[in-house]
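Written out below as structure tokens is the structure these notes cover.
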Amino acid sequence: MVMPQTERAFTPDTVDDAVTVKRITKSYGAVEALKNMTLSFPRGELTSLLGPSGCGKTTLLKIIAGLLEPTSGEVLVNGRAVTGPGPDRAFVFQDFALLPWASVMRNVAFGLELRGVAQSEREAIAEKYIAHVGLKGFERAYPHELSGGMRQRVGLARALSVDADVLLMDEPFSAVDEQTRRKFQEDLLNLVKTENKTFIFVTHSIEEAVYVSDQIAILLPRPSRVSQIIRPQGFRDKDVDNIRRDPEYLDIVDDIWSSLRSYVE
Amino acid sequence: MSVMRDGAEGRSPWQDLVGSHRPLLLKLLSGVLVFGAWEIAGRIPVSYAFPTFIESMSALLRMTLDGTLFAAYAETLKPLVVGVAISAVLGIALGLWIGLSKTFDWLFSPIFVVMQAAPLAALIPLLVMAYGIGLTSKVFVVCIMAMPVIVLNTAGAVRNTPANLKEMGRAFLATDRDVILKIVLPAASPVIFSGLRLGISAGFIGAILAELKITPTGVGDIITFSRSVADYASMYAAIFSIILLAVLFLNLLERIETGLFGGNVRGYASD
Ligand SMILES: Nc1ncnc2c1ncn2[C@@H]1O[C@H](COP(=O)(O)OP(=O)(O)O)[C@@H](O)[C@H]1O
Ligand SMILES: [Mg+2]
């Protein structure tokens, strides 16, 4: 069987990569979370990091965000080495990380507030993105008044409103229910089409990764490495409703499962 | 408010009145119970040194009208206000510092733990030897009482700021100052305020203790003097007045807290 997938080695300058990870190693004391990892993220596409829990997905994402320092290696964003968090990257957290004492409006505008944008200006921007993620009318609500899905929409609006080139999303849909999750996945596909940003999306769900990704990097633990890079070809431009019935979609899901199953006890 | 939601029809005006003033009525009721029990205990009498409620209140009224009470509080409030102000400002600042830095935690925390545990009465002679019997010693007593709980509460709350919120701040380019002002302090504020309340109550105890143990001035003087001449009604009136003042002050602090933080119910969206 010929799989429509290509292995792409690290090749600088030939493709336009928004983010490049070069020989990253990260140890927490004796635990080696990442070892000599090299990976690139093409501009304007969504790349998933898929793998069993504990294989270093969050660690890699936080290193790209500049929140963690790698033990060795470097990360390039738009060709510049990362030394810390920057305006070119925004983060969507698995546990939302909303300020419980602040309204939806202030939470969404918080990134702009920290950048010193004037209140009226940042609230106008925040208002736009609150409507964009479907929370119009909830501007004055507090996080504890919202459902899990709505809280993550706030987290997403906050990340979108700072208008970064790269959106880093750490299992953003893992804490929401299945129906909400499917709606989110469809919305995410639309965002990738319309926002012209580079998305790096961590998930442990095979179906989710295949459904939303232009490129899937499969990470394996012990030792942590990129085992495979898959680029779905045929169904990316199809209607969102038909993707899950596409033979290529089903084949890729099966293929990934067979390579991962040995790592699941 | 519940009356409005339920609809007022089918309720007597009396029920409406009870419904809308329930908290106030409950307070009045518990006041009547406590003071009634006091009055009865004074009339039995439980002890010859225990005046009735009415005797104590008339003594309070007399001392208020002839100005004794105001003169006394002018004296007592000096170390209290100075001591509490120092404890609040210095205590929150130190607590913040201790909570943010492991080194300062290691350096200073033990001092305040010891201060909190130390029997104050035993330290008073040392303070008097060092600073004499004036205002300084009394301010010290108030501070020793008030500061530890403020420092330790603040430090604990700051240390327990959710790590994910601080990380979120950094991801969105917060400076260290932003993280402290916009994340750490608001997250810690409920616990800081409860520390302030406890500290201020302890400060009141300290102020009276200082006046009883160092030199009898102000309210402490009224208590000491009226006891020595067996004017127990005045003694209880003085004690009652200081408790009343403490309660009023703590209520005021609560108002300030709800005012500062918008009075919204702060559920924690951590799940
Ligand atoms: N702060 C930390 N201290 C020590 N070990 C850690 C820390 N964070 C993560 N690890 C370890 O690093 C490995 C990768 O973790 P993580 O990046 O969170 O994986 P994933 O997100 O794929 O589940 C795990 O074995 C985890 O136990
Ligand atoms: Mg993770």
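Simple scheme: letters A, B, ... for chains in structure tokens order, numbers from 1 for residues in each chain, numbers from 1 for ligands in the order shown.
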Every residue of stretch 19-261 of chain A that DSSP places in helix (DSSP H, G or I), as a PyMOL selection string:
chain A and resi 57-65+104-114+119-132+143-145+148-161+178-195+206-212+240-245+247-261
Find the residues near A:Ser53: any atom within 10 Å, counting only C-alpha atoms, skip ones fewer than 6 places away on the same chain, and give them as a PDB file with N, CA, C and O atoms, in the first residue's frame.
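Saved result, out17.pdb, follows:
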```
ATOM      1  N   THR A 203      -1.687  17.235  20.538  1.00  0.00           N
ATOM      2  CA  THR A 203      -2.857  16.413  20.849  1.00  0.00           C
ATOM      3  C   THR A 203      -2.397  14.990  21.137  1.00  0.00           C
ATOM      4  O   THR A 203      -1.300  14.587  20.751  1.00  0.00           O
ATOM      5  N   HIS A 204      -3.226  14.248  21.844  1.00  0.00           N
ATOM      6  CA  HIS A 204      -2.928  12.820  21.974  1.00  0.00           C
ATOM      7  C   HIS A 204      -4.002  11.999  21.247  1.00  0.00           C
ATOM      8  O   HIS A 204      -4.051  10.787  21.366  1.00  0.00           O
ATOM      9  N   LEU A 219       5.540  11.707  17.758  1.00  0.00           N
ATOM     10  CA  LEU A 219       6.638  11.646  18.732  1.00  0.00           C
ATOM     11  C   LEU A 219       6.514  10.353  19.513  1.00  0.00           C
ATOM     12  O   LEU A 219       5.422   9.914  19.850  1.00  0.00           O
ATOM     13  N   LEU A 220       7.668   9.762  19.790  1.00  0.00           N
ATOM     14  CA  LEU A 220       7.672   8.543  20.585  1.00  0.00           C
ATOM     15  C   LEU A 220       8.580   8.739  21.788  1.00  0.00           C
ATOM     16  O   LEU A 220       9.587   9.438  21.718  1.00  0.00           O
ATOM     17  N   PRO A 221       8.229   8.112  22.907  1.00  0.00           N
ATOM     18  CA  PRO A 221       9.028   8.273  24.131  1.00  0.00           C
ATOM     19  C   PRO A 221      10.130   7.225  24.232  1.00  0.00           C
ATOM     20  O   PRO A 221      10.127   6.261  23.485  1.00  0.00           O
ATOM     21  N   VAL A 264       1.676   1.642  23.941  1.00  0.00           N
ATOM     22  CA  VAL A 264       0.588   1.759  24.901  1.00  0.00           C
ATOM     23  C   VAL A 264       0.488   0.463  25.683  1.00  0.00           C
ATOM     24  O   VAL A 264       0.287  -0.586  25.100  1.00  0.00           O
TER      25      VAL A 264
END
```
Compile the contact shell of stretch 208-225 of chain B as a PyMOL selection string: residues with an atom at most 12 Å away, counting only C-alpha atoms, same-chain residues fewer than 6 positions apart removed.
chain B and resi 59-60+63+68-80+83+120-129+131-145+201-202+231-243+245-246
Using only C-alpha atoms and all ligand atoms, determine which residues fall within 10 Å of ligand 1, then list them as an NGL selection string.
:A and (26-34 or 49-63 or 68 or 170-171 or 202-204 or 219-222 or 224)
A:Thr194 surroundings by only C-alpha atoms, 12 Å radius, close-in-sequence under 6 positions cut, as number ranges by chain
A: 44-45, 132, 187-188
Dump as a PDB file, in the first residue's frame, selection limited to all heavy atoms:
```
ATOM      1  N   GLY A  44       1.979  29.086   7.719  1.00  0.00           N
ATOM      2  CA  GLY A  44       0.592  29.078   7.289  1.00  0.00           C
ATOM      3  C   GLY A  44      -0.092  27.733   7.398  1.00  0.00           C
ATOM      4  O   GLY A  44      -1.251  27.588   7.020  1.00  0.00           O
ATOM      5  N   GLU A  45       0.624  26.738   7.927  1.00  0.00           N
ATOM      6  CA  GLU A  45       0.027  25.411   8.045  1.00  0.00           C
ATOM      7  C   GLU A  45      -0.199  25.048   9.507  1.00  0.00           C
ATOM      8  O   GLU A  45       0.345  25.679  10.409  1.00  0.00           O
ATOM      9  CB  GLU A  45       0.965  24.366   7.416  1.00  0.00           C
ATOM     10  CG  GLU A  45       1.115  24.523   5.924  1.00  0.00           C
ATOM     11  CD  GLU A  45       1.776  23.308   5.295  1.00  0.00           C
ATOM     12  OE1 GLU A  45       2.257  22.432   6.041  1.00  0.00           O
ATOM     13  OE2 GLU A  45       1.801  23.251   4.049  1.00  0.00           O
ATOM     14  N   HIS A 132     -15.785  36.758  17.315  1.00  0.00           N
ATOM     15  CA  HIS A 132     -15.215  35.815  16.366  1.00  0.00           C
ATOM     16  C   HIS A 132     -15.256  34.372  16.887  1.00  0.00           C
ATOM     17  O   HIS A 132     -15.475  33.434  16.129  1.00  0.00           O
ATOM     18  CB  HIS A 132     -13.770  36.234  16.078  1.00  0.00           C
ATOM     19  CG  HIS A 132     -13.165  35.581  14.881  1.00  0.00           C
ATOM     20  ND1 HIS A 132     -13.724  35.670  13.629  1.00  0.00           N
ATOM     21  CD2 HIS A 132     -12.057  34.827  14.746  1.00  0.00           C
ATOM     22  CE1 HIS A 132     -12.985  34.993  12.779  1.00  0.00           C
ATOM     23  NE2 HIS A 132     -11.962  34.468  13.430  1.00  0.00           N
ATOM     24  N   ASP A 187     -14.061  24.650  13.636  1.00  0.00           N
ATOM     25  CA  ASP A 187     -13.696  26.068  13.727  1.00  0.00           C
ATOM     26  C   ASP A 187     -12.207  26.268  13.502  1.00  0.00           C
ATOM     27  O   ASP A 187     -11.774  27.244  12.880  1.00  0.00           O
ATOM     28  CB  ASP A 187     -14.085  26.634  15.096  1.00  0.00           C
ATOM     29  CG  ASP A 187     -15.601  26.703  15.264  1.00  0.00           C
ATOM     30  OD1 ASP A 187     -16.309  26.473  14.258  1.00  0.00           O
ATOM     31  OD2 ASP A 187     -16.063  26.972  16.385  1.00  0.00           O
ATOM     32  N   LEU A 188     -11.404  25.316  14.028  1.00  0.00           N
ATOM     33  CA  LEU A 188      -9.958  25.426  13.884  1.00  0.00           C
ATOM     34  C   LEU A 188      -9.562  25.346  12.405  1.00  0.00           C
ATOM     35  O   LEU A 188      -8.716  26.124  11.935  1.00  0.00           O
ATOM     36  CB  LEU A 188      -9.280  24.318  14.694  1.00  0.00           C
ATOM     37  CG  LEU A 188      -7.754  24.331  14.717  1.00  0.00           C
ATOM     38  CD1 LEU A 188      -7.244  25.630  15.323  1.00  0.00           C
ATOM     39  CD2 LEU A 188      -7.211  23.147  15.513  1.00  0.00           C
TER      40      LEU A 188
END
```
Shell around A:Gly155 at 6 Å using only C-alpha atoms, local window under 3 positions removed, as a PyMOL selection string:
chain A and resi 92+96+152+158
For A:Thr25, please output as a PDB file with C-alpha atoms, in the first residue's frame all residues within 9 Å (counting only C-alpha atoms; exclusion window: fewer than 3 positions along the same chain).
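What ended up in around00.pdb:
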```pdb
ATOM      1  CA  GLU A  32      15.515  13.205  29.449  1.00  0.00           C
ATOM      2  CA  ALA A  33      12.231  14.670  28.153  1.00  0.00           C
ATOM      3  CA  LEU A  34      13.550  15.500  24.654  1.00  0.00           C
ATOM      4  CA  LYS A  35      16.630  14.157  22.938  1.00  0.00           C
ATOM      5  CA  ASN A  36      18.232  15.745  19.921  1.00  0.00           C
ATOM      6  CA  MET A  37      14.944  16.678  18.301  1.00  0.00           C
ATOM      7  CA  PRO A  70      16.385  23.773  26.313  1.00  0.00           C
ATOM      8  CA  THR A  71      19.417  21.996  27.758  1.00  0.00           C
ATOM      9  CA  SER A  72      20.964  22.264  24.296  1.00  0.00           C
ATOM     10  CA  GLY A  73      19.939  23.080  20.734  1.00  0.00           C
TER      11      GLY A  73
END
```
Please determine the contact residues of chain A with respect to chain B at a cut-off of 6 Å, counting only C-alpha atoms, and supply them as a ChimeraX atom specification.
/A:85,97,100-101,111,114,143-144
For C-alpha atoms, I'd like the residues from the last selection saved as a PDB file, in the first residue's frame.
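The file below, out02.pdb, is the result:
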```pdb
ATOM      1  CA  PRO A  85       8.626  34.655  25.005  1.00  0.00           C
ATOM      2  CA  ALA A  97      -5.183  29.768  32.474  1.00  0.00           C
ATOM      3  CA  PRO A 100     -10.654  34.163  37.710  1.00  0.00           C
ATOM      4  CA  TRP A 101     -11.086  37.736  38.984  1.00  0.00           C
ATOM      5  CA  GLY A 111      -2.209  40.134  26.255  1.00  0.00           C
ATOM      6  CA  LEU A 114       0.527  43.702  28.985  1.00  0.00           C
ATOM      7  CA  PRO A 143     -14.732  32.582  33.906  1.00  0.00           C
ATOM      8  CA  HIS A 144     -16.546  30.622  36.643  1.00  0.00           C
TER       9      HIS A 144
END
```
Please return as a list of chain:residue names: the residues of stretch 60-216 of chain A that backbone DSSP assigns to strand (DSSP E or B).
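Those residues are A:Ser72, A:Gly73, A:Glu74, A:Val75, A:Leu76, A:Val77, A:Arg80, A:Ala81, A:Arg89, A:Ala90, A:Phe91, A:Val92, A:Val166, A:Leu167, A:Leu168, A:Met169, A:Asp170, A:Thr198, A:Phe199, A:Ile200, A:Phe201, A:Val202, A:Thr203, A:Gln215, A:Ile216.
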Next, dump the selected residues to file, keeping only C-alpha atoms, as a compact mmCIF listing (two decimals), in the first residue's frame.
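Result saved to again22.txt:
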```
# COMPACT_ATOMS: atom_id res chain seq x y z
CA SER A 72 20.96 22.26 24.30
CA GLY A 73 19.94 23.08 20.73
CA GLU A 74 18.04 26.07 19.37
CA VAL A 75 14.66 27.19 18.11
CA LEU A 76 14.29 29.64 15.23
CA VAL A 77 11.11 31.65 14.73
CA ARG A 80 15.59 34.43 14.66
CA ALA A 81 16.75 32.37 17.64
CA ARG A 89 4.09 33.64 19.42
CA ALA A 90 0.88 33.21 21.41
CA PHE A 91 -0.08 30.30 23.65
CA VAL A 92 -3.38 28.50 24.24
CA VAL A 166 2.57 31.46 15.47
CA LEU A 167 -0.18 29.98 17.62
CA LEU A 168 0.96 27.33 20.10
CA MET A 169 -1.88 25.16 21.35
CA ASP A 170 -1.32 22.57 24.08
CA THR A 198 1.19 29.01 11.67
CA PHE A 199 -0.45 26.62 14.12
CA ILE A 200 1.44 24.16 16.32
CA PHE A 201 -1.11 21.91 17.86
CA VAL A 202 -0.46 19.30 20.54
CA THR A 203 -2.86 16.41 20.85
CA GLN A 215 1.40 17.88 8.80
CA ILE A 216 1.54 15.40 11.68
```
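Distance-wise, atom CA of B:Phe204 and atom CA of B:Met115 end up 16.8 Å apart.
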